Amino acid sequence: MNLIQIRKRDELSLAKERIIRIAAVLLSLVAAGLVIMILGYSPFEVFPSMVKGALGTEIRLQQTILKAIPLVITSLGILVAFKMKFWNIGGEGQILMGALGASYVALNVEGLPKPLMLLLMGIAAMIAGGLWAFIPAFFKARLGVNETIFTLMLNYIAIKYVTYLQYGPWKSPESQGFPKVATFEDYAVLPSLFGIHAGWLIALILVALVYFFINHTKTGFEICVVGESTETARYAGMNISTVVIISMLLSGGLCGLTGMIQASAVEKTLSASLSAGYGFTAIITAWLAKLNAVAALFVCIAFAVLLQGGMYIQISMQIPAAVADMMQGIILFFVLGSEFFLQYKVSLSGKLRKTKEVA
Amino acid sequence: MEAMKAIEMKGISKAFGGIQANENVDLTVFNGEVHALLGENGAGKSTLMNMLSGIYRPDGGTVAIYGREVAFSSPGDSIAMGIGMIHQHFKLVDVMTARENIALGNNKGFFTRAKELSKEIRAISDRYGLDVDPDKKVYNMSVGEKQTLEIIKVLYRGAKILILDEPTAVLTPQEIKRLFRIIRNMRDQGCAVVIITHKLNEVMEISDRITVLRRGQTIGTVNTKDVEVGNLIEMMVGKKVDLAIKKTKMPEPKPELLQVDNLSVRNSENKLALEEVSFSLYGGEILGVAGVAGSGQKEICETIAGLLRAEKGRIFFEGENILGKTPRDIIRLGIRMGFIPEDRLGMGLVGSMDIVHNLILKDYQNQPGILLKRGPCEAKAKAIVERLDIQTPGIHHPVKKLSGGNIQKVLLGREIDSNPKVLITAYPVRGLDIGASYKIYDLLNEQKAKGVGVLFIGEDLDVLMELCDRIMVFCAGRTTGIVNPEEVTKEEIGLLMTGGKEAQI
C-alpha cells in the first residue's frame, strides 16, 4: 500500500501559487540556517551579517552592484537562448571570448577617441561571444547536434585558450615574469558613473531592450514559438534554423558584452578568471526569473547580495565563502522543487482512508 | 451458466484537483455479458476503468470483484484478480515476437520455456478463436493482429474480465467484425467484457447491456435490446440531438482548386508514405479521406501544406504548381489555403499562448517592419470568439486551458478567417464531444457553401459517408479508389481500405 499519494493538480489560483513560491524561499532560508547551525554558527547572526555586508555601507553596496552587473547581462543572454529551449550552458566561454575580442581591440588599436574605442571594444566582444555561440547553434540547426554538451565543452576551450594567451603570446613584457596580459590604457577603460562603472547603465538599458525584443518584435515572437513547439513553428512558416542562429548570436553577443565590461571596467586586462562563474550562476538566475528579463534584474540583484554577503561573512566571521555557494544551491533546490508542488498535490492516503471509514 | 457479478462498483467517486471526474458512479457487470460503457469525452469512462485496472484509486465507494471487496493499489493487484485492460495504444515491443511479448514481465522461472509457452498460447487461441502466430514479430503485424495479441496477452495472464478501451478506433470494418466475433466468443466462454466506446452503432451491435455516464455520473444502465440510438444520445448528451448531418449539393460546374498529380513522398524513416497519389479537389465539395490510421493521411496533408518534401509529383493550386513551396512561401504569396493539423496543440497552435498570439502566428509574416502588431489580431480574436461561440474567460486566456472543442474552434476560426479557397482538415472532430463535433461539421458545410474545397480526413466511416460528397480511400500510401458515398456500402469502403480493388466513379 502506498502511503503517499501524488496527483496532478489542475489549476492553482495565483495567490496559492505565490504562497507556495514564497514558502519555498523561506524554507530554503531555514534549511540554510540549519546548515549554518551545524557548522557551529548562529544563523541569526550570519543572515543579518550577510545583509549588512552586502548593503551596509556605500562601498559594500557598490561591490554588490559590481557583482550584479555581469550577472544581469549574462542572464539576459542566457534567457534569450533558454526561451527557445536552446540550453546554452556556454556562458562562461562566451564571456571569455567576448573579453578576448575586446582585449584584442584594447591592446592593438590606438589613437581613437575614448567613446569610439569603447564602442569598438563592445562590438568586438559581441562578435566574438556571438561567434562562440554560433558554432553550436550552427551544428544544432544543421545537424541536430546536442547543444548542452557542445556549449559546455566550448567553455573549457575558451578558458584554456585565454590561459594560453595569458601565459604565452599576450604575456606582458612588463609583468616581471608573472603570467599577465598588459593592463589596458585609460582610453580602453569604461568610465564611472555615480561611483560605479557605467556597466550598470548598460545593464539597465539591455534589460529594457531584451524585454522589448522578446515581447514586441517578430523575431522575439518566433523565438518563443520555436521554444514551445518546433512543429508549430514550421507550420507557421518560420525558418527554425535562422531563428536558432539569430537568437544564439544574440545570446552569445550579450555574454560577450559581459566579458568586455569585466575586462575593461573591473580587471582592466584580460584574464582567464574574469568570468568568475557568472556564466553558470546566470543559468540559475535566468531560470529563477522564469526567463523574464525584468524579473531577471531583481533576481540577479538578490543573488549579488548573496554573493557579496557571502564574501563579507568570510572576512568578518571567518565563515567559508562556500557557505554562500551552498546557499545558492539550497535556494535553487527549493525553488525548483516547489515547481513540483505547483503541479502535483501530495497527500497521505492512509490517513485519508481511515477518516473516510470512520465517517 | 449462472450470471455472477464479475464487477460491482458502487458509489465510486474520484476527483482531480477541483474537477469531479467520477461522482457516485455505479457499474455492475455480469459474467458472460458484453457491457458497453458509453459517454462523451470527459464523462469519466477512462477514469472509472483506470480505477478498475489499479492505475488510480477511488476517493470513495467500493469495488467488488466476484463478490469480494478489493482495494487495488497497483495494476498488478488488478491483474491478479483476473482483470485485463486492453489500451487504445498497444503496449507491445515491436522487435519481439508475439510469444516474447506475452512472456514479457510475466516469466515465472528463469528460462524462456519457448515450447511450453507456444503450446499455452495455442491453447488459449483455440479456445477463444483467436489467431496469432507465436513466432511472428510485432513489426510485421497488422493493427488487427496486434490487437489480437494484446487480447491473448491478458488472457494468458488469467484475465476473466476484459476491458477494451476504444478498440475499434484503428480497425477496418472487416477487422471490427472479426474483433466482435472474438468478443462474442469470450462472452460465451463466461468472460465479462467491458467495452469503452462512443460509436453508437457498434454499441448496438455488440453489447448486451449499456451503462451511460455523463459528467462523471451514472445516468443509467439499460438492456441494449430495449433501447434505440436516439435514447442513448439523449442519455449521453442530456438533450435530444438531431444527428443528421446535412449535406447540400452544390451546383455544377465546380472549379478545380487543387490538383494532386502523381505524388510520392517519403516519411522520416525514408519509407514511401505516399505512392503516386493523384486526385482533384473542387470548390464547393467536401472530399473525405478514409483509411486505416497511418495510411498516408498525415503525409498528404503535410505535403500539400508545404511541411513535407515530395519525392516526385506536382500539386497545382488553381493551376499553379505549389510543390516545393514552404509554409512561409504559401503564407507570403497569399495562397489561400487553410490547414487544420491532426495535432492541434503540437502543430496548429501554441498551447501556452493566448488566442491573440495564436492568431498572430499566421498573420505576423505579412506584417510590415520588425515589430509585432497585436492590435488587429485582438479585434480578430474577439470576432472569432463571438462568431464561433468559443467558451473562454477571455481572448488572453492560454488556449491549452480551453476544452478540446473550443481549442478546435480557435484553430478552425483562425483558418477560416483568412478566407481560404482550400481547407485541409485532419481529424477535425477527434476527441470532441457530440455537440462540438456537430458544430464543426456545420462550420465545414458553411465553408463548402461558400465555394471552399474541403479535404476532410476522417476516422468514423459513418460520419464520412454522411458528410462528404466524395470519399477517397487510402491504403498503405496509395489511393485505392474515390467513391460516391451514396453508391457504396461501408463494407465496400472497408475493402478498399485494405487494398481490395480499384474503383472509380
# chains A, B, ... in the order shown; residues from 1 in each chain; ligands from 1
>>> residues_around(residues="Met497 of chain B", least_positions_apart="4", cutoff="7 Å", atoms="only C-alpha atoms", output="list in words")
Thr172, Gly291, Val292, Val473, Phe474, Cys475 and Ile493 of chain B
>>> write_last_selection(atoms="N, CA and C atoms", output="PDB file, in the first residue's frame")
ATOM      1  N   THR B 172     -10.347  -1.623 -39.557  1.00  0.00           N
ATOM      2  CA  THR B 172     -11.224  -1.545 -40.725  1.00  0.00           C
ATOM      3  C   THR B 172     -12.531  -2.246 -40.378  1.00  0.00           C
ATOM      4  N   GLY B 291      -9.333   5.608 -44.474  1.00  0.00           N
ATOM      5  CA  GLY B 291      -8.196   4.698 -44.485  1.00  0.00           C
ATOM      6  C   GLY B 291      -7.836   4.314 -43.079  1.00  0.00           C
ATOM      7  N   VAL B 292      -7.172   3.160 -42.967  1.00  0.00           N
ATOM      8  CA  VAL B 292      -6.673   2.750 -41.668  1.00  0.00           C
ATOM      9  C   VAL B 292      -5.660   3.796 -41.228  1.00  0.00           C
ATOM     10  N   VAL B 473     -10.207   6.743 -50.761  1.00  0.00           N
ATOM     11  CA  VAL B 473      -9.749   5.744 -49.798  1.00  0.00           C
ATOM     12  C   VAL B 473      -8.256   5.513 -49.966  1.00  0.00           C
ATOM     13  N   PHE B 474      -7.541   5.552 -48.858  1.00  0.00           N
ATOM     14  CA  PHE B 474      -6.100   5.318 -48.847  1.00  0.00           C
ATOM     15  C   PHE B 474      -5.812   3.936 -48.289  1.00  0.00           C
ATOM     16  N   CYS B 475      -4.826   3.286 -48.890  1.00  0.00           N
ATOM     17  CA  CYS B 475      -4.340   2.056 -48.297  1.00  0.00           C
ATOM     18  C   CYS B 475      -2.836   2.029 -48.490  1.00  0.00           C
ATOM     19  N   ILE B 493     -16.165   0.164 -48.853  1.00  0.00           N
ATOM     20  CA  ILE B 493     -15.082   1.090 -48.496  1.00  0.00           C
ATOM     21  C   ILE B 493     -14.043   0.360 -47.661  1.00  0.00           C
TER      22      ILE B 493
END
>>> interface_residues(of="chain A", to="chain B", cutoff="7 Å", atoms="only C-alpha atoms", output="PyMOL selection string")
chain A and resi 1+9-10+216-218+225+228-229+231-232+235-238
>>> residues_around(residues="Thr242 of chain A", least_positions_apart="4", cutoff="10 Å", atoms="only C-alpha atoms", output="PyMOL selection string")
chain A and resi 137-138+141+219+238+246-248
>>> select_by_dssp(residues="segment 117-341 of chain A", states="strand (DSSP E or B)", output="PyMOL selection string")
chain A and resi 171+181+192-193+196-197+217
>>> write_last_selection(atoms="C-alpha atoms", output="mmCIF file, in the first residue's frame")
data_model
loop_
_atom_site.group_PDB
_atom_site.id
_atom_site.type_symbol
_atom_site.label_atom_id
_atom_site.label_comp_id
_atom_site.auth_asym_id
_atom_site.auth_seq_id
_atom_site.Cartn_x
_atom_site.Cartn_y
_atom_site.Cartn_z
ATOM 1 C CA LYS A 171 52.045 37.997 -21.777
ATOM 2 C CA VAL A 181 48.289 40.409 -20.039
ATOM 3 C CA SER A 192 32.494 55.605 -13.853
ATOM 4 C CA LEU A 193 29.015 56.981 -13.418
ATOM 5 C CA ILE A 196 30.293 52.722 -10.237
ATOM 6 C CA HIS A 197 31.462 51.892 -13.738
ATOM 7 C CA THR A 217 9.337 42.050 -32.134
#
>>> select_by_dssp(residues="segment 122-201 of chain B", states="helix (DSSP H, G or I)", output="PyMOL selection string")
chain B and resi 122-128+138-140+143-156+173-188+200-201
